[in-house]
file run39.cif (mmCIF, C-alpha atoms and all ligand atoms)
data_input
loop_
_atom_site.label_atom_id
_atom_site.label_comp_id
_atom_site.auth_asym_id
_atom_site.auth_seq_id
_atom_site.Cartn_x
_atom_site.Cartn_y
_atom_site.Cartn_z
CA MET A 935 108.98 92.81 100.04
CA ASN A 936 110.21 93.41 96.47
CA LYS A 937 108.95 89.97 95.37
CA ASN A 938 105.44 90.91 96.55
CA PHE A 939 105.68 94.23 94.67
CA VAL A 940 106.82 92.54 91.46
CA SER A 941 104.00 89.99 91.49
CA LYS A 942 101.34 92.57 92.43
CA LEU A 943 102.53 94.89 89.66
CA ALA A 944 102.50 92.02 87.17
CA SER A 945 98.88 91.21 88.13
CA MET A 946 97.91 94.86 87.47
CA THR A 947 99.80 95.32 84.21
CA GLY A 948 100.16 91.90 82.68
CA GLY A 949 103.98 92.12 83.24
CA LEU A 950 106.58 94.88 82.95
CA SER A 951 109.99 94.92 81.32
CA ALA A 952 112.88 94.01 83.63
CA GLY A 953 114.49 97.36 82.72
CA SER A 954 111.80 99.56 84.26
CA MET A 955 111.57 97.25 87.29
CA GLU A 956 115.33 97.62 87.85
CA HIS A 957 114.87 101.39 88.10
CA MET A 958 111.87 101.15 90.39
CA LEU A 959 113.13 98.89 93.16
CA PRO A 960 115.85 101.19 94.59
CA VAL A 961 113.39 104.12 94.46
CA LEU A 962 110.87 102.10 96.46
CA GLU A 963 113.51 101.35 99.10
CA LYS A 964 114.40 105.06 99.42
CA ILE A 965 110.74 106.09 99.68
CA ARG A 966 110.10 103.48 102.38
CA SER A 967 112.98 104.64 104.54
CA LEU A 968 112.20 108.38 104.07
CA LYS A 969 108.53 107.83 104.99
CA LYS A 970 109.63 106.27 108.26
CA GLU A 971 112.34 108.84 108.98
CA LYS A 972 110.03 111.83 108.28
CA ASN A 973 106.77 110.33 109.62
CA ALA A 974 104.89 110.78 106.31
CA VAL A 975 102.09 108.82 104.66
CA VAL A 976 101.47 108.33 100.95
CA LEU A 977 97.84 108.57 99.82
CA SER A 978 97.17 107.44 96.26
CA HIS A 979 94.18 107.71 93.90
CA TYR A 980 92.96 104.81 91.72
CA TYR A 981 94.01 106.80 88.61
CA MET A 982 97.69 106.75 89.59
CA PRO A 983 100.12 104.59 87.62
CA PRO A 984 99.91 101.02 88.98
CA GLU A 985 103.27 101.17 90.83
CA LEU A 986 101.83 103.99 92.99
CA GLN A 987 98.67 102.01 93.72
CA ILE A 988 100.43 99.16 95.54
CA LEU A 989 99.96 99.27 99.30
CA ALA A 990 102.94 99.20 101.67
CA SER A 991 101.49 95.94 103.07
CA GLN A 992 101.75 94.46 99.53
CA GLY A 993 105.36 95.58 99.00
CA GLY A 994 104.51 99.03 97.57
CA ILE A 995 104.65 102.49 99.15
CA ALA A 996 100.98 103.59 99.42
CA ASP A 997 99.47 103.73 102.90
CA PHE A 998 96.02 104.09 101.39
CA VAL A 999 94.57 103.78 97.88
CA GLY A 1000 91.10 105.12 97.24
CA ASP A 1001 88.60 107.32 95.43
CA SER A 1002 88.32 111.03 96.18
CA LEU A 1003 85.96 110.49 99.15
CA GLY A 1004 88.06 107.72 100.69
CA LEU A 1005 91.22 109.81 100.32
CA SER A 1006 89.57 112.83 101.96
CA ILE A 1007 88.44 110.77 104.94
CA GLU A 1008 91.87 109.17 105.27
CA ALA A 1009 93.59 112.57 105.08
CA SER A 1010 91.30 113.95 107.80
CA LYS A 1011 92.32 111.29 110.31
CA THR A 1012 96.00 110.64 109.65
CA LYS A 1013 98.31 110.87 112.67
CA ALA A 1014 101.42 111.33 110.47
CA ASP A 1015 103.19 114.72 110.32
CA ALA A 1016 102.90 114.96 106.54
CA ILE A 1017 100.85 113.65 103.63
CA ILE A 1018 102.43 112.99 100.24
CA PHE A 1019 99.37 113.18 98.02
CA CYS A 1020 99.56 111.10 94.84
CA GLY A 1021 96.62 112.62 92.99
CA VAL A 1022 95.73 115.98 91.42
CA GLU A 1023 95.86 119.44 93.00
CA PHE A 1024 92.19 119.78 94.03
CA MET A 1025 92.50 116.47 95.95
CA ALA A 1026 95.66 117.58 97.77
CA GLU A 1027 93.94 120.90 98.58
CA THR A 1028 90.99 119.00 100.07
CA ALA A 1029 93.40 117.01 102.25
CA LYS A 1030 94.89 120.29 103.52
CA ILE A 1031 91.43 121.77 104.18
CA LEU A 1032 90.44 118.69 106.18
CA ASN A 1033 93.66 118.47 108.18
CA PRO A 1034 95.24 121.95 108.15
CA GLN A 1035 97.80 121.15 110.89
CA LYS A 1036 99.56 118.69 108.57
CA LYS A 1037 101.95 119.44 105.75
CA VAL A 1038 100.46 118.28 102.44
CA LEU A 1039 102.88 117.83 99.54
CA ILE A 1040 101.95 116.99 95.95
CA PRO A 1041 104.75 115.52 93.77
CA ASP A 1042 103.78 117.78 90.83
CA PRO A 1043 101.76 120.89 91.75
CA SER A 1044 100.88 121.46 88.09
CA ALA A 1045 98.63 118.35 88.13
CA GLY A 1046 95.33 120.10 87.35
CA CYS A 1047 91.85 119.01 86.23
CA SER A 1048 89.68 120.28 83.37
CA LEU A 1049 86.64 120.33 85.68
CA ALA A 1050 88.36 122.28 88.45
CA SER A 1051 89.65 124.89 86.00
CA SER A 1052 86.24 125.28 84.31
CA ILE A 1053 84.73 127.38 87.11
CA LYS A 1054 85.86 130.15 89.45
CA ALA A 1055 84.46 131.74 92.61
CA GLU A 1056 83.16 134.70 90.53
CA ASP A 1057 81.13 132.29 88.34
CA VAL A 1058 79.47 130.80 91.44
CA LYS A 1059 78.61 134.28 92.72
CA ALA A 1060 77.00 135.07 89.35
CA LEU A 1061 75.02 131.80 89.41
CA LYS A 1062 73.78 132.55 92.92
CA ALA A 1063 72.68 136.03 91.84
CA LYS A 1064 70.86 134.59 88.80
CA TYR A 1065 69.15 131.74 90.70
CA HIS A 1066 68.54 133.59 93.94
CA GLY A 1067 67.98 131.26 96.92
CA VAL A 1068 68.81 128.02 95.04
CA PRO A 1069 71.48 126.04 96.94
CA VAL A 1070 74.76 125.06 95.24
CA MET A 1071 76.17 121.52 95.36
CA VAL A 1072 79.82 121.59 94.31
CA TYR A 1073 81.69 118.55 92.99
CA ILE A 1074 84.91 117.91 94.90
CA ASN A 1075 86.73 118.35 91.54
CA THR A 1076 87.01 122.14 92.10
CA TYR A 1077 89.49 124.49 93.77
CA ALA A 1078 89.13 125.82 97.32
CA GLU A 1079 88.04 129.34 96.18
CA THR A 1080 85.13 127.82 94.25
CA LYS A 1081 84.13 125.47 97.09
CA ALA A 1082 84.15 128.38 99.54
CA GLU A 1083 81.14 129.96 97.74
CA CYS A 1084 79.01 126.79 97.84
CA ASP A 1085 76.51 125.18 100.22
CA ILE A 1086 77.54 121.53 100.10
CA CYS A 1087 80.29 119.51 98.48
CA CYS A 1088 79.89 116.03 96.96
CA THR A 1089 82.03 113.35 95.37
CA SER A 1090 81.07 110.84 92.71
CA ARG A 1091 80.21 108.37 95.51
CA ASN A 1092 77.67 110.47 97.42
CA ALA A 1093 76.39 112.96 94.78
CA LEU A 1094 73.14 111.11 93.99
CA ASN A 1095 72.26 110.62 97.64
CA ILE A 1096 72.99 114.24 98.56
CA ALA A 1097 71.13 115.62 95.52
CA ALA A 1098 68.10 113.43 96.30
CA SER A 1099 67.97 114.38 99.99
CA PHE A 1100 68.98 118.05 99.89
CA PRO A 1101 65.99 120.26 100.72
CA GLY A 1102 64.32 122.22 97.92
CA LYS A 1103 62.89 121.68 94.45
CA GLU A 1104 65.98 123.00 92.63
CA LEU A 1105 69.72 122.54 93.08
CA ILE A 1106 72.63 124.10 91.22
CA PHE A 1107 75.23 121.40 90.50
CA ILE A 1108 78.69 122.50 89.34
CA PRO A 1109 80.76 122.02 87.25
CA ASP A 1110 80.30 118.72 85.28
CA LYS A 1111 77.38 118.95 82.81
CA TYR A 1112 77.54 115.25 81.86
CA MET A 1113 77.60 114.06 85.44
CA GLY A 1114 74.73 116.48 86.09
CA MET A 1115 72.69 115.02 83.21
CA ASN A 1116 73.34 111.47 84.44
CA LEU A 1117 72.40 112.43 87.99
CA GLN A 1118 69.24 114.15 86.73
CA LYS A 1119 68.14 110.94 84.97
CA ASN A 1120 68.77 108.83 88.06
CA LEU A 1121 67.14 111.40 90.34
CA ALA A 1122 63.91 111.02 88.39
CA ASN A 1123 63.46 107.65 90.19
CA HIS A 1124 63.59 109.36 93.61
CA SER A 1125 62.31 112.93 93.31
CA ASP A 1126 61.21 115.70 90.97
CA LYS A 1127 64.24 117.84 91.89
CA LYS A 1128 65.59 119.93 89.00
CA LEU A 1129 69.33 120.35 88.61
CA ILE A 1130 70.73 123.57 87.17
CA LEU A 1131 74.04 122.77 85.46
CA TRP A 1132 77.34 124.43 84.52
CA ASN A 1133 79.11 123.83 81.20
CA GLY A 1134 82.16 121.92 82.53
CA ALA A 1135 83.37 118.50 81.38
CA CYS A 1136 86.08 116.02 82.25
CA GLU A 1137 88.50 115.96 79.31
CA VAL A 1138 89.03 112.22 79.89
CA HIS A 1139 85.51 110.92 80.41
CA GLU A 1140 84.00 113.06 77.64
CA GLN A 1141 86.10 110.98 75.21
CA PHE A 1142 84.01 107.87 75.90
CA SER A 1143 81.55 107.80 73.03
CA GLY A 1144 81.50 105.56 69.93
CA ASN A 1145 84.59 103.72 71.25
CA ILE A 1146 82.57 102.26 74.16
CA SER A 1147 79.38 101.62 72.15
CA GLN A 1148 81.44 99.73 69.53
CA LEU A 1149 83.11 97.59 72.21
CA ALA A 1150 79.69 96.90 73.72
CA THR A 1151 78.29 95.79 70.34
CA ALA A 1152 81.35 93.62 69.61
CA ASN A 1153 81.16 91.99 73.09
CA PRO A 1154 77.44 91.53 73.73
CA THR A 1155 77.88 89.49 76.94
CA ALA A 1156 80.41 91.93 78.47
CA GLU A 1157 79.10 94.26 81.18
CA VAL A 1158 79.73 98.00 80.76
CA LEU A 1159 81.23 100.09 83.60
CA LEU A 1160 80.79 103.87 83.20
CA HIS A 1161 81.77 106.75 85.47
CA TRP A 1162 79.15 109.46 86.13
CA GLU A 1163 81.32 111.88 84.06
CA VAL A 1164 80.75 109.92 80.81
CA PRO A 1165 78.33 111.72 78.39
CA SER A 1166 74.75 110.58 78.97
CA ARG A 1167 74.27 109.73 75.26
CA THR A 1168 77.12 107.16 75.63
CA VAL A 1169 75.49 105.79 78.77
CA ALA A 1170 72.18 105.35 76.91
CA SER A 1171 73.70 103.77 73.79
CA SER A 1172 76.10 101.37 75.53
CA LEU A 1173 73.62 100.19 78.16
CA LYS A 1174 70.86 99.62 75.58
CA ASN A 1175 71.81 96.00 74.84
CA ASN A 1176 74.56 95.23 77.36
CA LYS A 1177 74.26 94.80 81.12
CA GLY A 1178 76.18 97.34 83.19
CA MET A 1179 76.09 100.50 85.28
CA VAL A 1180 76.86 104.19 85.57
CA GLY A 1181 78.18 105.51 88.89
CA SER A 1182 81.27 106.36 90.91
CA THR A 1183 84.71 104.75 90.95
CA THR A 1184 83.75 102.82 94.08
CA ASP A 1185 80.40 101.80 92.50
CA ILE A 1186 82.41 100.40 89.55
CA ILE A 1187 84.72 98.40 91.85
CA ASN A 1188 81.80 97.10 93.93
CA TYR A 1189 79.74 96.23 90.83
CA VAL A 1190 82.52 93.98 89.47
CA GLY A 1191 82.90 92.31 92.89
CA ALA A 1192 79.19 91.52 93.04
CA SER A 1193 78.83 90.39 89.41
CA SER A 1194 79.03 86.77 88.26
CA GLY A 1195 80.14 88.05 84.82
CA ASP A 1196 83.70 87.51 83.63
CA THR A 1197 84.23 90.27 81.03
CA PHE A 1198 83.82 94.02 81.54
CA ILE A 1199 84.19 97.09 79.33
CA LEU A 1200 85.62 100.02 81.28
CA GLY A 1201 84.56 103.58 80.46
CA SER A 1202 86.76 105.38 82.97
CA GLU A 1203 90.42 106.30 83.48
CA CYS A 1204 92.76 103.61 82.13
CA ASP A 1205 94.57 102.88 85.40
CA LEU A 1206 91.33 102.15 87.20
CA GLY A 1207 91.58 99.13 84.87
CA ALA A 1208 94.92 98.25 86.52
CA ALA A 1209 93.28 98.52 89.95
CA LEU A 1210 90.44 96.23 88.78
CA MET A 1211 92.91 93.70 87.35
CA GLY A 1212 94.76 93.62 90.68
CA LEU A 1213 91.53 93.23 92.67
CA TYR A 1214 89.85 90.68 90.38
CA PRO A 1215 92.60 88.71 88.63
CA SER A 1216 90.22 86.07 87.22
CA LYS A 1217 88.11 88.68 85.34
CA LYS A 1218 88.83 90.27 81.99
CA PHE A 1219 88.74 94.04 81.39
CA ILE A 1220 88.54 95.74 77.99
CA THR A 1221 89.03 99.50 77.68
CA PRO A 1222 89.92 102.16 75.09
CA CYS A 1223 92.54 103.08 77.75
CA ILE A 1224 92.15 106.85 77.96
CA VAL A 1225 94.51 108.36 80.53
CA CYS A 1226 94.18 111.55 82.56
CA PRO A 1227 97.28 113.60 81.62
CA HIS A 1228 97.10 115.42 84.96
CA MET A 1229 97.08 112.27 87.07
CA LYS A 1230 99.97 110.89 85.01
CA LYS A 1231 102.20 113.80 86.04
CA ILE A 1232 102.64 111.99 89.34
CA THR A 1233 105.32 109.31 89.21
CA LEU A 1234 107.30 107.14 91.58
CA TYR A 1235 110.28 109.42 90.86
CA ASN A 1236 108.70 112.78 91.71
CA THR A 1237 107.06 111.15 94.75
CA LEU A 1238 110.61 110.46 95.96
CA LYS A 1239 111.63 114.06 95.15
CA ALA A 1240 108.71 115.43 97.21
CA LEU A 1241 109.62 113.22 100.16
CA GLU A 1242 113.26 114.26 99.92
CA ALA A 1243 112.16 117.91 99.99
CA LEU A 1244 109.92 117.46 103.04
CA HIS A 1245 111.29 119.57 105.97
CA GLN A 1246 113.99 120.97 103.64
CA GLU A 1247 114.36 124.40 102.04
CA ASN A 1248 112.83 123.32 98.72
CA GLU A 1249 109.72 121.85 100.41
CA SER A 1250 107.70 124.89 99.23
CA LEU A 1251 107.99 123.61 95.62
CA TYR A 1252 105.59 120.80 96.54
CA ARG A 1253 103.64 122.12 99.55
CA ILE A 1254 99.93 123.07 99.39
CA ASN A 1255 99.47 126.54 100.88
CA LEU A 1256 96.04 128.03 101.50
CA GLU A 1257 95.21 131.20 103.44
CA GLU A 1258 93.64 130.52 106.82
CA GLN A 1259 90.39 132.29 105.93
CA LEU A 1260 90.05 130.28 102.74
CA LEU A 1261 90.77 127.05 104.61
CA GLU A 1262 87.92 127.86 106.99
CA ARG A 1263 85.43 128.85 104.29
CA ALA A 1264 86.17 125.90 102.00
CA TYR A 1265 85.91 123.53 104.97
CA LEU A 1266 82.20 124.30 105.53
CA PRO A 1267 80.72 122.62 102.40
CA ILE A 1268 83.09 119.65 102.84
CA ARG A 1269 82.13 119.23 106.51
CA LYS A 1270 78.46 119.40 105.50
CA MET A 1271 79.05 116.62 102.96
CA LEU A 1272 80.78 114.40 105.53
CA ASP A 1273 77.96 115.03 108.05
CA PHE A 1274 75.27 114.31 105.49
CA ALA A 1275 75.52 110.51 105.62
P1 LIG A 1301 86.27 109.68 92.14
O1 LIG A 1301 85.47 110.62 92.99
O2 LIG A 1301 85.41 108.57 91.67
O3 LIG A 1301 87.51 109.26 92.82
O4 LIG A 1301 86.65 110.43 90.80
C1 LIG A 1301 87.59 111.42 90.74
C2 LIG A 1301 87.83 111.86 89.37
O5 LIG A 1301 88.69 112.67 89.13
C3 LIG A 1301 86.99 111.34 88.32
O6 LIG A 1301 87.45 111.74 87.08
FE1 LIG A 1302 89.84 115.87 86.31
FE2 LIG A 1302 88.91 114.17 84.50
FE3 LIG A 1302 91.42 113.97 85.31
FE4 LIG A 1302 89.40 113.31 86.97
S1 LIG A 1302 89.98 112.29 85.08
S2 LIG A 1302 91.22 114.54 87.49
S3 LIG A 1302 87.85 114.83 86.36
S4 LIG A 1302 90.53 115.70 84.18
#
call {"tool": "encode", "arguments": {"input": "run39.cif", "output": "structure tokens"}}
result
Amino acid sequence: MNKNFVSKLASMTGGLSAGSMEHMLPVLEKIRSLKKEKNAVVLSHYYMPPELQILASQGGIADFVGDSLGLSIEASKTKADAIIFCGVEFMAETAKILNPQKKVLIPDPSAGCSLASSIKAEDVKALKAKYHGVPVMVYINTYAETKAECDICCTSRNALNIAASFPGKELIFIPDKYMGMNLQKNLANHSDKKLILWNGACEVHEQFSGNISQLATANPTAEVLLHWEVPSRTVASSLKNNKGMVGSTTDIINYVGASSGDTFILGSECDLGAALMGLYPSKKFITPCIVCPHMKKITLYNTLKALEALHQENESLYRINLEEQLLERAYLPIRKMLDFA
């Protein structure tokens, strides 16, 4: 078990010091036995540190690793009593909304998101009053109160499809302005729909600018991988002479799998690079390595703490709590998204 973990981690990181490995192995053992004892699952996002992205079947502790859509679907169907959510707060909230009977614990409840905190329910109400009758598509990277005011939710994976197919000539998309601009450009191939945008940005992806264009120029045969949240001017400049794509986390993973290329420049969260290295060990990935400080609040050690607290007095320190009425209202746009496909 531990041998598998060590070799998987090495493939994702290029090797770790024996010191940190020594600390990790006993923690893994404790997490494994507590998961069994307390009937809990660990769901982990691709932006987690690599040691949290290793599946239980590969010697790690994660029962599922995925993007925000994959994690939501997995959370909605788990049979376990509790979910330990290794991701940020809006993701853990979504898990609770989709499966309210389960306990959902997040190892650090202060793991936020610059997009989620950029807009509140009152802002959506004001937008709806200003653009009367125009439907609102809300990115999953928002809090439950914001979602509850909206017509349909989307994730990076299904946003283009939903925006293209949603009835009407106009659509309000909140809160990521860069993602909105990128979607608007791509929508032009399918429809004349106009997106009305909010002024939010991802503090990680907005940092991809000259750093990516310079890497693209220095590596002309490398293919460029960009998340929807990267500024559209960076998308235009870095895809001018290099092959590549802009899309979701899953689009990025699938693009590499389908490409015959051997070198890629990553314009997304640094640990998606670790996931790519683990999935495609023969390919080379270059990245400015910008990390999401919120995602990095989740560690192997506080994951253990959350599991230890489960069903104990201090469980409330980690548990996601949402009022029943809010759970019901925020569920509607998410359900609509899941039905849309
Ligand atoms: P995904 O929907 O691709 O998982 O992205 C989540 C996110 O936080 C991007 O910054
Ligand atoms: Fe939010 Fe950006 Fe971090 Fe994703 S990477 S959780 S959008 S701050």
call {"tool": "residues_near_ligand", "arguments": {"input": "run39.cif", "ligand": "ligand LIG 1301 (chain A)", "cutoff": "10 Å", "atoms": "all atoms listed in the file", "output": "PyMOL selection string"}}
result
chain A and resi 979-981+1000-1005+1021-1022+1024-1025+1047-1050+1073-1075+1088-1093+1135-1139+1161-1164+1181-1186+1202-1203+1206+1226+1228-1229
call {"tool": "axis_aligned_box", "arguments": {"input": "run39.cif", "around": "ligand LIG 1302 (chain A)", "padding_each_side": "4 Å", "output": "lines of an AutoDock Vina configuration file"}}
result
center_x = 89.6
center_y = 114.1
center_z = 85.8
size_x = 11.6
size_y = 11.6
size_z = 11.3
call {"tool": "closest_residue", "arguments": {"input": "run39.cif", "among": "A:Leu1094, A:Cys1204, A:Leu943, A:Ile1031", "to": "ligand LIG 1302 (chain A)", "atoms": "all atoms listed in the file"}}
result
A:Cys1204
call {"tool": "residues_around", "arguments": {"input": "run39.cif", "residues": "Gly1201 in chain A", "least_positions_apart": "4", "cutoff": "9 Å", "atoms": "only C-alpha atoms", "output": "ChimeraX atom specification"}}
result
/A:1139,1142,1146,1158-1161,1164,1221-1224
call {"tool": "closest_residue", "arguments": {"input": "run39.cif", "among": "A:Glu963, A:Glu1008, A:Glu971, A:Glu1083", "to": "Gly993 in chain A", "atoms": "all atoms listed in the file"}}
result
A:Glu963
call {"tool": "residues_around", "arguments": {"input": "run39.cif", "residues": "Leu962 in chain A", "least_positions_apart": "6", "cutoff": "8 Å", "atoms": "all atoms listed in the file", "output": "list in words"}}
result
Gly994, Ile995 and Leu1234 of chain A
call {"tool": "residues_around", "arguments": {"input": "run39.cif", "residues": "Thr1197 in chain A", "least_positions_apart": "4", "cutoff": "9 Å", "atoms": "all atoms listed in the file", "output": "ChimeraX atom specification"}}
result
/A:1153,1155-1158,1217-1220
call {"tool": "closest_residue", "arguments": {"input": "run39.cif", "among": "A:Lys1013, A:Ser1125, A:Val1169, A:Lys1059", "to": "Met1113 in chain A", "atoms": "all atoms listed in the file"}}
result
A:Val1169
call {"tool": "residues_near_point", "arguments": {"input": "run39.cif", "point": "(71.8, 122.0, 89.0)", "cutoff": "10 Å", "atoms": "all atoms listed in the file", "output": "JSON list (two decimals) with C-alpha atoms, in the coordinates of the input"}}
result
[["chain", "number", "residue", "atom", "x", "y", "z"],
["A", 1068, "VAL", "CA", 68.81, 128.02, 95.04],
["A", 1069, "PRO", "CA", 71.48, 126.04, 96.94],
["A", 1070, "VAL", "CA", 74.76, 125.06, 95.24],
["A", 1071, "MET", "CA", 76.17, 121.52, 95.36],
["A", 1072, "VAL", "CA", 79.82, 121.59, 94.31],
["A", 1097, "ALA", "CA", 71.13, 115.62, 95.52],
["A", 1104, "GLU", "CA", 65.98, 123.00, 92.63],
["A", 1105, "LEU", "CA", 69.72, 122.54, 93.08],
["A", 1106, "ILE", "CA", 72.63, 124.10, 91.22],
["A", 1107, "PHE", "CA", 75.23, 121.40, 90.50],
["A", 1108, "ILE", "CA", 78.69, 122.50, 89.34],
["A", 1109, "PRO", "CA", 80.76, 122.02, 87.25],
["A", 1110, "ASP", "CA", 80.30, 118.72, 85.28],
["A", 1111, "LYS", "CA", 77.38, 118.95, 82.81],
["A", 1114, "GLY", "CA", 74.73, 116.48, 86.09],
["A", 1115, "MET", "CA", 72.69, 115.02, 83.21],
["A", 1117, "LEU", "CA", 72.40, 112.43, 87.99],
["A", 1118, "GLN", "CA", 69.24, 114.15, 86.73],
["A", 1127, "LYS", "CA", 64.24, 117.84, 91.89],
["A", 1128, "LYS", "CA", 65.59, 119.93, 89.00],
["A", 1129, "LEU", "CA", 69.33, 120.35, 88.61],
["A", 1130, "ILE", "CA", 70.73, 123.57, 87.17],
["A", 1131, "LEU", "CA", 74.04, 122.77, 85.46],
["A", 1132, "TRP", "CA", 77.34, 124.43, 84.52]]
call {"tool": "closest_residue", "arguments": {"input": "run39.cif", "among": "A:Cys1087, A:Val999, A:Val1225, A:Leu1032", "to": "ligand LIG 1302 (chain A)", "atoms": "all atoms listed in the file"}}
result
A:Val1225
call {"tool": "atom_distance", "arguments": {"input": "run39.cif", "atom1": "CA of Cys1084 in chain A", "atom2": "CA of Asn1120 in chain A"}}
result
22.9 Å
call {"tool": "closest_residue", "arguments": {"input": "run39.cif", "among": "A:Lys1062, A:Arg1253, A:Arg1167, A:Lys1177", "to": "Phe1019 in chain A", "atoms": "only C-alpha atoms"}}
result
A:Arg1253
call {"tool": "atom_distance", "arguments": {"input": "run39.cif", "atom1": "CA of Ser1010 in chain A", "atom2": "CA of Leu1272 in chain A"}}
result
10.8 Å
call {"tool": "closest_residue", "arguments": {"input": "run39.cif", "among": "A:Met1211, A:Ile1096, A:Pro1101, A:Ala1029", "to": "Leu1121 in chain A", "atoms": "all atoms listed in the file"}}
result
A:Ile1096
call {"tool": "atom_distance", "arguments": {"input": "run39.cif", "atom1": "CA of Lys1231 in chain A", "atom2": "CA of Asp1042 in chain A"}}
result
6.4 Å
call {"tool": "residues_near_point", "arguments": {"input": "run39.cif", "point": "(94.5, 96.2, 82.9)", "cutoff": "6 Å", "atoms": "only C-alpha atoms", "output": "PyMOL selection string"}}
result
chain A and resi 946-947+1207-1208+1211
